file data-v5.txt (compact mmCIF, C-alpha atoms)
# COMPACT_ATOMS: atom_id res chain seq x y z
CA ALA A 2 0.00 0.00 0.00
CA ILE A 3 2.90 2.36 0.77
CA ARG A 4 4.54 1.33 -2.50
CA GLU A 5 1.32 2.05 -4.40
CA ALA A 6 0.92 5.42 -2.67
CA LEU A 7 4.49 6.42 -3.60
CA ILE A 8 4.05 5.37 -7.23
CA ALA A 9 0.79 7.31 -7.41
CA PHE A 10 2.38 10.39 -5.81
CA PHE A 11 5.11 10.65 -8.43
CA LYS A 12 2.86 10.04 -11.44
CA PRO A 13 1.99 13.03 -13.63
CA LYS A 14 -1.51 14.35 -12.96
CA PRO A 15 -3.03 15.09 -16.42
CA LEU A 16 -6.56 14.60 -15.06
CA ALA A 17 -6.17 16.77 -11.93
CA GLY A 18 -9.47 18.53 -11.23
CA ARG A 19 -11.51 16.22 -13.52
CA ARG A 20 -14.49 14.49 -11.96
CA VAL A 21 -15.05 11.03 -13.43
CA LEU A 22 -18.18 8.94 -12.85
CA MET A 23 -17.86 5.37 -14.04
CA THR A 24 -19.44 1.93 -13.84
CA ALA A 25 -17.75 -1.46 -13.61
CA GLY A 26 -18.42 -5.14 -13.07
CA PRO A 27 -21.42 -7.24 -14.05
CA THR A 28 -25.01 -6.62 -13.04
CA TYR A 29 -27.10 -9.35 -11.41
CA GLU A 30 -30.77 -9.64 -12.34
CA PRO A 31 -32.73 -11.82 -9.86
CA LEU A 32 -34.96 -14.61 -11.10
CA ASP A 33 -35.96 -15.52 -7.53
CA PRO A 34 -34.34 -15.05 -4.08
CA VAL A 35 -31.36 -17.25 -5.00
CA ARG A 36 -31.02 -17.32 -8.79
CA GLY A 37 -30.29 -14.68 -11.35
CA ILE A 38 -28.83 -13.72 -14.72
CA THR A 39 -25.34 -12.29 -14.74
CA ASN A 40 -22.29 -12.23 -16.99
CA ILE A 41 -18.63 -13.14 -16.88
CA SER A 42 -17.32 -9.63 -16.17
CA SER A 43 -14.86 -9.84 -13.27
CA GLY A 44 -14.69 -6.04 -12.87
CA LYS A 45 -10.90 -6.17 -13.26
CA MET A 46 -10.73 -3.88 -16.33
CA GLY A 47 -13.03 -1.29 -14.74
CA TYR A 48 -11.20 -1.37 -11.41
CA ALA A 49 -7.83 -1.07 -13.17
CA LEU A 50 -9.18 1.95 -15.05
CA ALA A 51 -10.56 3.52 -11.84
CA ARG A 52 -7.11 3.12 -10.26
CA ALA A 53 -5.34 4.60 -13.32
CA LEU A 54 -7.76 7.56 -13.42
CA ARG A 55 -7.11 8.21 -9.72
CA HIS A 56 -3.35 7.98 -10.26
CA ALA A 57 -3.74 10.55 -13.05
CA GLY A 58 -5.32 12.94 -10.56
CA ALA A 59 -9.04 12.50 -11.31
CA GLU A 60 -11.73 12.43 -8.63
CA VAL A 61 -13.37 9.06 -9.26
CA GLN A 62 -16.81 7.70 -8.33
CA LEU A 63 -17.17 4.02 -9.20
CA VAL A 64 -20.68 2.53 -9.42
CA SER A 65 -19.94 -1.18 -9.21
CA GLY A 66 -21.91 -4.37 -9.68
CA PRO A 67 -21.09 -7.40 -7.49
CA VAL A 68 -17.38 -8.24 -7.79
CA ALA A 69 -14.77 -9.87 -5.54
CA LEU A 70 -12.38 -6.88 -5.66
CA PRO A 71 -11.49 -4.25 -3.04
CA ALA A 72 -12.28 -0.62 -3.88
CA PRO A 73 -9.16 1.09 -5.33
CA ALA A 74 -7.50 3.49 -2.85
CA GLY A 75 -8.93 7.00 -3.04
CA VAL A 76 -11.91 5.94 -5.17
CA GLU A 77 -15.49 6.28 -3.91
CA ARG A 78 -17.32 3.00 -4.62
CA ILE A 79 -21.12 2.76 -4.77
CA GLY A 80 -22.23 -0.90 -4.75
CA VAL A 81 -25.28 -2.01 -6.77
CA MET A 82 -26.74 -5.31 -8.00
CA THR A 83 -29.18 -4.72 -10.87
CA ALA A 84 -29.06 -2.58 -14.02
CA ALA A 85 -31.96 -0.52 -12.64
CA GLU A 86 -30.00 0.20 -9.43
CA MET A 87 -26.92 1.09 -11.48
CA HIS A 88 -28.98 3.41 -13.68
CA LEU A 89 -30.38 5.19 -10.62
CA ALA A 90 -26.97 5.49 -8.90
CA VAL A 91 -25.49 7.01 -12.09
CA MET A 92 -28.37 9.42 -12.72
CA GLN A 93 -28.18 10.70 -9.13
CA ARG A 94 -24.51 11.63 -9.58
CA VAL A 95 -24.04 12.50 -13.26
CA ALA A 96 -24.77 16.24 -12.94
CA HIS A 97 -21.43 16.65 -11.13
CA ALA A 98 -19.34 14.62 -13.58
CA ASP A 99 -17.02 15.96 -16.29
CA VAL A 100 -16.48 12.48 -17.73
CA PHE A 101 -18.70 9.39 -17.72
CA ILE A 102 -17.19 5.98 -18.53
CA GLY A 103 -19.47 2.95 -18.83
CA VAL A 104 -17.26 -0.10 -18.31
CA ALA A 105 -19.85 -2.28 -16.59
CA ALA A 106 -21.27 -5.23 -18.52
CA VAL A 107 -24.86 -4.12 -17.89
CA ALA A 108 -27.57 -6.70 -18.50
CA ASP A 109 -29.62 -5.64 -21.55
CA TYR A 110 -32.59 -7.55 -20.16
CA ARG A 111 -33.98 -8.57 -16.78
CA PRO A 112 -36.54 -11.26 -15.94
CA ASP A 113 -39.91 -9.64 -16.45
CA ASP A 114 -41.23 -10.81 -13.12
CA ALA A 115 -38.82 -12.03 -10.40
CA ALA A 116 -40.38 -14.63 -8.11
CA GLU A 117 -40.71 -13.68 -4.45
CA HIS A 118 -39.90 -17.22 -3.31
CA LYS A 119 -37.50 -19.82 -4.63
CA ILE A 120 -38.87 -21.44 -7.79
CA LYS A 121 -39.30 -25.19 -7.17
CA LYS A 122 -38.62 -27.89 -9.71
CA THR A 123 -41.86 -28.81 -11.42
CA GLY A 124 -42.93 -31.17 -14.17
CA GLU A 125 -42.42 -28.71 -16.98
CA ALA A 126 -39.31 -26.61 -17.59
CA PRO A 127 -40.24 -22.99 -17.04
CA VAL A 128 -39.72 -20.20 -19.57
CA ILE A 129 -38.13 -16.91 -18.55
CA ARG A 130 -39.74 -13.83 -20.08
CA LEU A 131 -37.41 -10.86 -20.30
CA ALA A 132 -37.94 -7.11 -20.15
CA ARG A 133 -35.55 -4.54 -21.59
CA ASN A 134 -33.31 -2.70 -19.11
CA PRO A 135 -32.60 1.03 -19.38
CA ASP A 136 -29.51 1.89 -21.46
CA ILE A 137 -27.39 3.80 -18.95
CA LEU A 138 -24.76 5.05 -21.38
CA ALA A 139 -27.33 6.21 -23.98
CA ASP A 140 -29.35 7.98 -21.27
CA VAL A 141 -26.27 9.79 -19.94
CA ALA A 142 -25.00 10.73 -23.42
CA SER A 143 -28.37 12.20 -24.38
CA LEU A 144 -28.61 14.50 -21.35
CA PRO A 145 -28.77 18.22 -22.30
CA ALA A 146 -25.51 18.89 -20.43
CA ALA A 147 -23.93 15.50 -21.00
CA PRO A 148 -20.43 14.83 -19.71
CA PHE A 149 -17.67 13.55 -22.03
CA CYS A 150 -18.92 9.99 -22.61
CA VAL A 151 -16.78 6.89 -23.05
CA GLY A 152 -18.22 3.44 -23.79
CA PHE A 153 -16.85 -0.07 -23.79
CA ALA A 154 -17.77 -2.72 -26.34
CA ALA A 155 -17.01 -6.37 -25.59
CA GLU A 156 -17.90 -8.50 -28.59
CA SER A 157 -17.29 -12.06 -29.69
CA ARG A 158 -16.93 -10.99 -33.38
CA ASP A 159 -17.24 -8.00 -35.76
CA LEU A 160 -15.68 -5.76 -33.11
CA GLU A 161 -15.01 -2.74 -35.31
CA SER A 162 -18.50 -2.48 -36.79
CA TYR A 163 -20.22 -2.91 -33.40
CA ALA A 164 -17.86 -0.45 -31.68
CA ARG A 165 -18.23 2.18 -34.45
CA GLY A 166 -22.00 1.62 -34.39
CA LYS A 167 -22.06 2.23 -30.64
CA LEU A 168 -19.91 5.37 -30.98
CA GLU A 169 -22.30 6.86 -33.52
CA ALA A 170 -25.68 5.59 -32.28
CA LYS A 171 -25.10 6.78 -28.70
CA ARG A 172 -23.07 9.83 -29.76
CA LEU A 173 -20.08 8.94 -27.60
CA LYS A 174 -16.64 10.56 -27.77
CA LEU A 175 -14.70 7.33 -27.41
CA VAL A 176 -15.38 3.59 -27.45
CA VAL A 177 -12.93 1.05 -26.05
CA GLY A 178 -13.44 -2.20 -27.92
CA ASN A 179 -12.20 -5.65 -27.10
CA LEU A 180 -12.93 -9.17 -28.19
CA VAL A 181 -14.46 -11.18 -25.33
CA GLN A 182 -11.90 -13.93 -25.96
CA ASP A 183 -9.08 -11.42 -25.24
CA GLY A 184 -10.29 -9.88 -22.04
CA MET A 185 -13.34 -10.89 -20.04
CA GLY A 186 -12.50 -12.52 -16.73
CA GLY A 187 -8.74 -12.59 -17.26
CA ASP A 188 -5.83 -10.43 -16.11
CA THR A 189 -4.72 -9.19 -19.51
CA ASN A 190 -6.56 -7.44 -22.32
CA ARG A 191 -6.11 -6.18 -25.85
CA VAL A 192 -8.22 -3.20 -26.86
CA VAL A 193 -8.75 -0.85 -29.77
CA LEU A 194 -9.79 2.77 -29.12
CA PHE A 195 -12.38 4.07 -31.58
CA ASP A 196 -12.96 7.83 -31.85
CA ALA A 197 -13.80 10.41 -34.51
CA ALA A 198 -10.12 10.58 -35.51
CA GLY A 199 -9.83 6.86 -36.25
CA ASP A 200 -8.90 3.48 -34.76
CA HIS A 201 -6.12 3.30 -32.18
CA PRO A 202 -5.08 -0.25 -31.23
CA LEU A 203 -3.19 -0.59 -27.93
CA PRO A 204 -0.73 -3.44 -27.45
CA ALA A 205 -1.90 -6.55 -25.56
CA ALA A 206 -0.86 -6.02 -21.93
CA SER A 207 -1.93 -6.34 -18.31
CA LYS A 208 -5.21 -4.63 -17.50
CA ASP A 209 -3.24 -2.02 -15.47
CA GLU A 210 -1.10 -1.16 -18.50
CA VAL A 211 -4.12 -1.11 -20.82
CA ALA A 212 -5.86 1.20 -18.32
CA ALA A 213 -2.87 3.57 -18.34
CA GLY A 214 -3.03 3.64 -22.16
CA ILE A 215 -6.74 4.49 -22.11
CA VAL A 216 -6.17 7.25 -19.54
CA ALA A 217 -3.34 8.77 -21.61
CA HIS A 218 -5.61 8.81 -24.70
CA LEU A 219 -8.50 10.27 -22.70
CA ALA A 220 -6.28 12.99 -21.22
CA ARG A 221 -5.12 14.02 -24.72
CA MET A 222 -8.73 14.19 -25.94
CA LEU A 223 -9.87 16.25 -22.94
CA ASP A 224 -6.99 18.72 -23.43
CA ALA A 225 -7.53 19.03 -27.19
CA ALA B 8 -0.65 -20.59 7.02
CA ILE B 9 1.70 -21.89 9.73
CA ARG B 10 -0.91 -20.99 12.35
CA GLU B 11 -3.60 -22.88 10.40
CA ALA B 12 -1.34 -25.91 9.96
CA LEU B 13 -0.61 -26.00 13.71
CA ILE B 14 -4.29 -25.73 14.63
CA ALA B 15 -5.13 -28.50 12.16
CA PHE B 16 -2.31 -30.70 13.49
CA PHE B 17 -3.61 -30.62 17.06
CA LYS B 18 -7.29 -31.18 16.19
CA PRO B 19 -8.79 -34.63 16.86
CA LYS B 20 -9.10 -36.72 13.70
CA PRO B 21 -12.53 -38.45 13.93
CA LEU B 22 -12.71 -38.71 10.10
CA ALA B 23 -9.21 -40.14 9.57
CA GLY B 24 -9.29 -42.58 6.66
CA ARG B 25 -12.68 -41.36 5.35
CA ARG B 26 -12.78 -40.27 1.72
CA VAL B 27 -15.21 -37.39 1.16
CA LEU B 28 -16.33 -36.17 -2.25
CA MET B 29 -18.22 -32.89 -2.15
CA THR B 30 -19.50 -30.03 -4.30
CA ALA B 31 -19.58 -26.32 -3.48
CA GLY B 32 -20.29 -22.92 -4.98
CA PRO B 33 -22.79 -21.93 -7.66
CA THR B 34 -22.98 -23.30 -11.17
CA TYR B 35 -22.96 -21.00 -14.19
CA GLU B 36 -25.15 -21.86 -17.18
CA PRO B 37 -24.18 -19.89 -20.30
CA LEU B 38 -26.82 -18.03 -22.31
CA ASP B 39 -24.21 -16.79 -24.81
CA PRO B 40 -20.41 -16.18 -24.68
CA VAL B 41 -20.77 -13.46 -22.01
CA ARG B 42 -24.08 -14.00 -20.19
CA GLY B 43 -25.42 -16.77 -18.05
CA ILE B 44 -27.68 -17.87 -15.22
CA THR B 45 -26.10 -18.31 -11.81
CA ASN B 46 -27.06 -17.94 -8.17
CA ILE B 47 -25.90 -16.06 -5.10
CA SER B 48 -23.89 -18.91 -3.57
CA SER B 49 -20.46 -17.55 -2.57
CA GLY B 50 -19.06 -21.02 -1.90
CA LYS B 51 -18.10 -19.94 1.63
CA MET B 52 -20.18 -22.58 3.45
CA GLY B 53 -18.89 -25.39 1.23
CA TYR B 54 -15.28 -24.24 1.49
CA ALA B 55 -15.59 -23.90 5.29
CA LEU B 56 -16.97 -27.46 5.39
CA ALA B 57 -14.16 -28.77 3.16
CA ARG B 58 -11.63 -27.18 5.53
CA ALA B 59 -13.37 -28.61 8.62
CA LEU B 60 -13.53 -32.10 7.05
CA ARG B 61 -9.82 -31.90 6.25
CA HIS B 62 -9.04 -30.74 9.80
CA ALA B 63 -11.00 -33.76 11.05
CA GLY B 64 -8.69 -36.04 9.07
CA ALA B 65 -10.80 -36.77 5.97
CA GLU B 66 -9.35 -37.00 2.47
CA VAL B 67 -11.38 -34.34 0.62
CA GLN B 68 -12.11 -33.83 -3.08
CA LEU B 69 -13.99 -30.59 -3.75
CA VAL B 70 -15.79 -30.17 -7.07
CA SER B 71 -16.33 -26.43 -7.18
CA GLY B 72 -18.27 -24.02 -9.34
CA PRO B 73 -16.80 -20.57 -10.05
CA VAL B 74 -16.00 -18.80 -6.76
CA ALA B 75 -13.50 -16.17 -5.62
CA LEU B 76 -11.98 -18.36 -2.90
CA PRO B 77 -8.62 -20.17 -2.68
CA ALA B 78 -8.69 -23.97 -2.37
CA PRO B 79 -8.44 -24.97 1.32
CA ALA B 80 -5.01 -26.38 2.25
CA GLY B 81 -4.78 -30.12 1.71
CA VAL B 82 -8.01 -30.30 -0.30
CA GLU B 83 -8.04 -31.37 -3.96
CA ARG B 84 -10.18 -28.89 -5.92
CA ILE B 85 -11.73 -29.72 -9.30
CA GLY B 86 -13.05 -26.56 -10.98
CA VAL B 87 -16.22 -26.68 -13.11
CA MET B 88 -18.70 -24.15 -14.52
CA THR B 89 -21.99 -25.85 -15.44
CA ALA B 90 -24.22 -28.39 -13.67
CA ALA B 91 -23.46 -30.91 -16.45
CA GLU B 92 -19.70 -30.50 -15.87
CA MET B 93 -20.23 -30.84 -12.11
CA HIS B 94 -22.33 -33.99 -12.62
CA LEU B 95 -19.59 -35.55 -14.78
CA ALA B 96 -16.77 -34.61 -12.36
CA VAL B 97 -18.72 -36.18 -9.47
CA MET B 98 -19.67 -39.36 -11.34
CA GLN B 99 -16.04 -39.91 -12.39
CA ARG B 100 -14.92 -39.87 -8.74
CA VAL B 101 -17.84 -41.19 -6.67
CA ALA B 102 -16.81 -44.87 -6.76
CA HIS B 103 -13.90 -44.05 -4.44
CA ALA B 104 -15.91 -41.96 -1.94
CA ASP B 105 -17.18 -43.07 1.49
CA VAL B 106 -19.20 -39.88 1.90
CA PHE B 107 -20.77 -37.55 -0.66
CA ILE B 108 -21.86 -34.05 0.38
CA GLY B 109 -23.72 -31.86 -2.10
CA VAL B 110 -23.28 -28.27 -0.89
CA ALA B 111 -23.21 -26.62 -4.33
CA ALA B 112 -26.21 -24.56 -5.35
CA VAL B 113 -26.62 -26.46 -8.61
CA ALA B 114 -28.81 -24.86 -11.27
CA ASP B 115 -31.99 -26.92 -11.67
CA TYR B 116 -32.28 -25.67 -15.26
CA ARG B 117 -30.00 -24.50 -18.05
CA PRO B 118 -30.84 -22.49 -21.17
CA ASP B 119 -32.06 -25.01 -23.72
CA ASP B 120 -29.83 -23.63 -26.43
CA ALA B 121 -26.87 -21.36 -25.60
CA ALA B 122 -26.06 -18.90 -28.39
CA GLU B 123 -22.63 -19.20 -30.01
CA HIS B 124 -22.29 -15.42 -30.35
CA LYS B 125 -23.31 -12.56 -28.10
CA ILE B 126 -27.07 -11.96 -28.33
CA LYS B 127 -27.67 -8.42 -29.60
CA LYS B 128 -30.45 -6.13 -28.46
CA THR B 129 -33.36 -6.43 -30.83
CA GLY B 130 -36.82 -4.97 -31.10
CA GLU B 131 -38.51 -7.67 -29.10
CA ALA B 132 -37.42 -8.96 -25.70
CA PRO B 133 -36.29 -12.55 -26.11
CA VAL B 134 -37.60 -15.50 -24.13
CA ILE B 135 -35.24 -18.01 -22.54
CA ARG B 136 -36.37 -21.63 -22.83
CA LEU B 137 -34.97 -23.85 -20.12
CA ALA B 138 -34.05 -27.53 -19.97
CA ARG B 139 -33.82 -29.58 -16.79
CA ASN B 140 -30.33 -30.29 -15.44
CA PRO B 141 -29.34 -33.69 -13.99
CA ASP B 142 -29.89 -34.02 -10.22
CA ILE B 143 -26.39 -34.83 -8.99
CA LEU B 144 -27.33 -35.72 -5.42
CA ALA B 145 -30.25 -37.95 -6.45
CA ASP B 146 -28.07 -39.71 -9.02
CA VAL B 147 -25.32 -40.37 -6.46
CA ALA B 148 -27.76 -41.50 -3.74
CA SER B 149 -29.42 -43.98 -6.10
CA LEU B 150 -26.18 -45.71 -7.11
CA PRO B 151 -26.11 -49.44 -6.19
CA ALA B 152 -23.10 -48.86 -3.89
CA ALA B 153 -23.98 -45.31 -2.88
CA PRO B 154 -21.75 -43.49 -0.40
CA PHE B 155 -23.20 -41.94 2.77
CA CYS B 156 -25.09 -39.00 1.22
CA VAL B 157 -25.55 -35.56 2.74
CA GLY B 158 -27.61 -32.83 1.11
CA PHE B 159 -28.05 -29.11 1.70
CA ALA B 160 -31.36 -27.30 1.41
CA ALA B 161 -31.39 -23.51 1.12
CA GLU B 162 -34.94 -22.26 1.14
CA SER B 163 -36.67 -18.91 1.47
CA ARG B 164 -39.58 -20.45 3.46
CA ASP B 165 -41.04 -23.76 4.73
CA LEU B 166 -37.53 -25.00 5.45
CA GLU B 167 -38.48 -28.05 7.51
CA SER B 168 -40.96 -29.51 5.03
CA TYR B 169 -38.62 -28.98 2.05
CA ALA B 170 -35.61 -30.38 3.92
CA ARG B 171 -37.53 -33.44 5.20
CA GLY B 172 -38.95 -33.95 1.70
CA LYS B 173 -35.44 -33.89 0.24
CA LEU B 174 -34.16 -36.33 2.88
CA GLU B 175 -36.90 -38.83 2.04
CA ALA B 176 -37.30 -38.35 -1.73
CA LYS B 177 -33.58 -38.69 -2.43
CA ARG B 178 -33.01 -41.21 0.39
CA LEU B 179 -30.23 -39.18 2.02
CA LYS B 180 -28.76 -39.81 5.46
CA LEU B 181 -28.60 -36.14 6.47
CA VAL B 182 -29.87 -32.81 5.18
CA VAL B 183 -28.41 -29.50 6.33
CA GLY B 184 -31.14 -26.87 6.02
CA ASN B 185 -30.85 -23.12 6.17
CA LEU B 186 -33.01 -20.18 5.31
CA VAL B 187 -31.53 -18.22 2.40
CA GLN B 188 -31.93 -15.04 4.43
CA ASP B 189 -29.63 -16.49 7.13
CA GLY B 190 -26.76 -17.72 5.03
CA MET B 191 -26.29 -17.28 1.32
CA GLY B 192 -23.46 -14.91 0.41
CA GLY B 193 -22.64 -13.93 3.99
CA ASP B 194 -20.01 -15.01 6.52
CA THR B 195 -22.36 -16.45 9.13
CA ASN B 196 -25.06 -19.08 8.95
CA ARG B 197 -27.74 -20.76 11.01
CA VAL B 198 -28.62 -24.32 10.09
CA VAL B 199 -30.79 -27.19 11.22
CA LEU B 200 -29.62 -30.78 10.71
CA PHE B 201 -32.40 -33.14 9.63
CA ASP B 202 -31.85 -36.90 9.91
CA ALA B 203 -33.84 -40.03 10.73
CA ALA B 204 -33.41 -39.34 14.46
CA GLY B 205 -34.95 -35.86 14.33
CA ASP B 206 -34.17 -32.16 13.92
CA HIS B 207 -30.93 -30.78 15.35
CA PRO B 208 -30.66 -26.99 15.22
CA LEU B 209 -27.12 -25.60 15.51
CA PRO B 210 -26.57 -22.15 17.01
CA ALA B 211 -26.09 -19.21 14.60
CA ALA B 212 -22.33 -18.81 14.15
CA SER B 213 -19.54 -18.17 11.68
CA LYS B 214 -19.51 -20.56 8.72
CA ASP B 215 -16.32 -22.13 10.15
CA GLU B 216 -18.06 -22.88 13.45
CA VAL B 217 -21.19 -24.17 11.70
CA ALA B 218 -18.94 -26.40 9.55
CA ALA B 219 -17.28 -27.81 12.69
CA GLY B 220 -20.75 -28.58 14.11
CA ILE B 221 -21.79 -30.39 10.92
CA VAL B 222 -18.55 -32.41 10.90
CA ALA B 223 -19.03 -33.43 14.56
CA HIS B 224 -22.58 -34.62 13.80
CA LEU B 225 -21.42 -36.45 10.66
CA ALA B 226 -18.59 -38.18 12.55
CA ARG B 227 -21.06 -39.39 15.21
CA MET B 228 -23.38 -40.74 12.50
CA LEU B 229 -20.56 -42.53 10.66
CA ASP B 230 -19.33 -44.14 13.90
CA ALA B 231 -22.81 -45.21 15.01
call {"tool": "encode", "arguments": {"input": "data-v5.txt", "output": "C-alpha cells"}}
result
Amino acid sequence: AIREALIAFFKPKPLAGRRVLMTAGPTYEPLDPVRGITNISSGKMGYALARALRHAGAEVQLVSGPVALPAPAGVERIGVMTAAEMHLAVMQRVAHADVFIGVAAVADYRPDDAAEHKIKKTGEAPVIRLARNPDILADVASLPAAPFCVGFAAESRDLESYARGKLEAKRLKLVVGNLVQDGMGGDTNRVVLFDAAGDHPLPAASKDEVAAGIVAHLARMLDA
Amino acid sequence: AIREALIAFFKPKPLAGRRVLMTAGPTYEPLDPVRGITNISSGKMGYALARALRHAGAEVQLVSGPVALPAPAGVERIGVMTAAEMHLAVMQRVAHADVFIGVAAVADYRPDDAAEHKIKKTGEAPVIRLARNPDILADVASLPAAPFCVGFAAESRDLESYARGKLEAKRLKLVVGNLVQDGMGGDTNRVVLFDAAGDHPLPAASKDEVAAGIVAHLARMLDA
C-alpha cells in the first residue's frame, strides 16, 4: 500500500481537477431469491481503469456491480446489484461529472417478473420472459448537459462495426473495444480505441497497462 | 498458514481414513459467450466445510463451481462451470468416496440452447427456454453402492418440510437446512440438521463454526 501510494504520488496528474463517474463489473438480475442472470465480467478492467484515473489525478466515483475486488485506494465506490439500481446510482450523480465511462457489462434484459420465493422444480421446464433494461450510457449521453462519454464494447466478433456503431448511435466521444476472448475474466486485455479521428489499437498487456493507455488517450482528448 | 497448519495438526481426527467427495459454490449456465444464469452462492459454506472435514482427518475432493476463494489447504479442488460438468466430475470420482456431500447450489435448469455469439439487443425482448439439469445428489444417492449421502437445502420459506422432503425423496442420510436469508453470500449461517433421528438446530455462528458442528454430527453418524 505504501509502495502504491508512492508510485501514485510521483505520477503526472493530467486529469487533476476532472471528476469522473464510471461503472464497472457485471449486473445481477434476480430470477428468484437465490437465482439470477449475470455475466462473466470480473470487474478487473473497470477497477484497473478507476485506479489509473485516480493515479492521473481524477476524482473518481465508481458505481460497481457485485465483484470480488477491493475498492481502489482514493476511489469512492457505490455498490449495486441490478441494471436498474446502477442506472439510478449514475443518474443521481451525473450532474457533477465531467467524464462518464461505462465499463460495466450491464444486462440488456432482466426477468420480467422475479419470483418472491424460490422457484421449485416442477414437471415442466419454465420459460423466462425478459424485459428490456434502461440503457445507462445512452441515457447519460443524451442529457442536455452531457459529460464527455466513453463506452466499452465487448464483442465475440465483428468488433469494429459494433464499436463504431455504438460510438455513432449513442453519440459517444470514445469507445474502447475488445474481443471477449481477449479480455473478459482474465488479467490481460487487448483493446482498440475508436474515436472520430480513427482506430487506435493498444498493445496486448496487463489490464493495469491497458488502463494507463486508455487514460493517456482520454487525457489528450480532454486537453484538445 | 503456519498458524492454520498447527491448529489442524492438534485437532482430533474423527474422520481419519474417510474419503469425502463434495461439491460447493454456484454453477454457471451460459446463455451466450458473455451472459449466463447463476445464483448467489459464494461457496463460503462449502469451502468452510471442506476445511473442517480436512481438519477432522478426511481426504477431501472438492468439485467447485466458479467462486472467488482459494482452495483450502490439503483439499483437492476440481473446478467446473456448469451443472453438467459438475455432474460428470462427481460421477467420475464417486466410486472411491465413502461420503458424498452436495453443498453446491446447482442450477436446476440450463438455457435449452446457448447462443454461439453474443445476443444483440433487438426490437422484441427474447424469451429463454430452459431444460432440466441432472440431479447430482439424487443420481449419487441412487447408485447401487452409494456413499453416505448428505444434502443441503437452502430455502426462502417452509424450510423443515422442504428439507424433510429432500431427505426422504432422495433417500439421504442427512440434510443441512438453512433459510436463504440467514446464510447465502454472507459469513455467518444458522442451520438445522435433519436426519432419521430428528431435527438438530445448531446455534447461529460463523460458517467455520457451523462447519465444525456439521462435521461433529457427521462423525457421530458414521461411527454409530
call {"tool": "interface_residues", "arguments": {"input": "data-v5.txt", "of": "chain A", "to": "chain B", "cutoff": "8 Å", "atoms": "only C-alpha atoms", "output": "NGL selection string"}}
result
:A and (34-42 or 69 or 109-110 or 118-119 or 122 or 126-133 or 156-158 or 181)
call {"tool": "residues_near_point", "arguments": {"input": "data-v5.txt", "point": "(-20.3, 8.3, -26.1)", "cutoff": "8 Å", "atoms": "all atoms listed in the file", "output": "PyMOL selection string"}}
result
chain A and resi 138-139+142+149-152+167-169+171-176
call {"tool": "residues_around", "arguments": {"input": "data-v5.txt", "residues": "range 204-221 of chain A", "least_positions_apart": "4", "cutoff": "9 Å", "atoms": "all atoms listed in the file", "output": "compact mmCIF listing (two decimals) with C-alpha atoms, keeping the file's coordinate frame"}}
result
# COMPACT_ATOMS: atom_id res chain seq x y z
CA PRO A 15 -3.03 15.09 -16.42
CA LEU A 16 -6.56 14.60 -15.06
CA LYS A 45 -10.90 -6.17 -13.26
CA MET A 46 -10.73 -3.88 -16.33
CA GLY A 47 -13.03 -1.29 -14.74
CA TYR A 48 -11.20 -1.37 -11.41
CA ALA A 49 -7.83 -1.07 -13.17
CA LEU A 50 -9.18 1.95 -15.05
CA ALA A 51 -10.56 3.52 -11.84
CA ARG A 52 -7.11 3.12 -10.26
CA ALA A 53 -5.34 4.60 -13.32
CA LEU A 54 -7.76 7.56 -13.42
CA ALA A 57 -3.74 10.55 -13.05
CA VAL A 151 -16.78 6.89 -23.05
CA LEU A 175 -14.70 7.33 -27.41
CA VAL A 177 -12.93 1.05 -26.05
CA ASP A 183 -9.08 -11.42 -25.24
CA GLY A 184 -10.29 -9.88 -22.04
CA GLY A 187 -8.74 -12.59 -17.26
CA ASP A 188 -5.83 -10.43 -16.11
CA THR A 189 -4.72 -9.19 -19.51
CA ASN A 190 -6.56 -7.44 -22.32
CA ARG A 191 -6.11 -6.18 -25.85
CA VAL A 192 -8.22 -3.20 -26.86
CA VAL A 193 -8.75 -0.85 -29.77
CA LEU A 194 -9.79 2.77 -29.12
CA ALA A 225 -7.53 19.03 -27.19
call {"tool": "residues_around", "arguments": {"input": "data-v5.txt", "residues": "Val141 in chain A", "least_positions_apart": "4", "cutoff": "8 Å", "atoms": "all atoms listed in the file", "output": "number ranges by chain"}}
result
A: 92, 95, 101, 137, 147-148, 150
call {"tool": "write_last_selection", "arguments": {"input": "data-v5.txt", "atoms": "C-alpha atoms", "output": "short mmCIF file (atom, residue, chain, number, x, y, z; two decimals), keeping the file's coordinate frame"}}
result
data_model
loop_
_atom_site.label_atom_id
_atom_site.label_comp_id
_atom_site.auth_asym_id
_atom_site.auth_seq_id
_atom_site.Cartn_x
_atom_site.Cartn_y
_atom_site.Cartn_z
CA MET A 92 -28.37 9.42 -12.72
CA VAL A 95 -24.04 12.50 -13.26
CA PHE A 101 -18.70 9.39 -17.72
CA ILE A 137 -27.39 3.80 -18.95
CA ALA A 147 -23.93 15.50 -21.00
CA PRO A 148 -20.43 14.83 -19.71
CA CYS A 150 -18.92 9.99 -22.61
#
call {"tool": "atom_distance", "arguments": {"input": "data-v5.txt", "atom1": "CA of Pro202 in chain A", "atom2": "CA of Gly178 in chain A"}}
result
9.2 Å
call {"tool": "atom_distance", "arguments": {"input": "data-v5.txt", "atom1": "CA of Ala104 in chain B", "atom2": "CA of Leu150 in chain B"}}
result
12.1 Å
call {"tool": "closest_residue", "arguments": {"input": "data-v5.txt", "among": "A:Gly18, A:Pro135, A:Gly103, A:Gly166", "to": "Leu63 in chain A", "atoms": "all atoms listed in the file"}}
result
A:Gly103
call {"tool": "atom_distance", "arguments": {"input": "data-v5.txt", "atom1": "CA of Ile108 in chain B", "atom2": "CA of Glu11 in chain B"}}
result
23.6 Å
call {"tool": "residues_around", "arguments": {"input": "data-v5.txt", "residues": "Val27 in chain B", "least_positions_apart": "4", "cutoff": "7 Å", "atoms": "all atoms listed in the file", "output": "list in words"}}
result
Ala65, Glu66, Val67, Gln68, Ala104, Asp105, Val106 and Phe107 of chain B
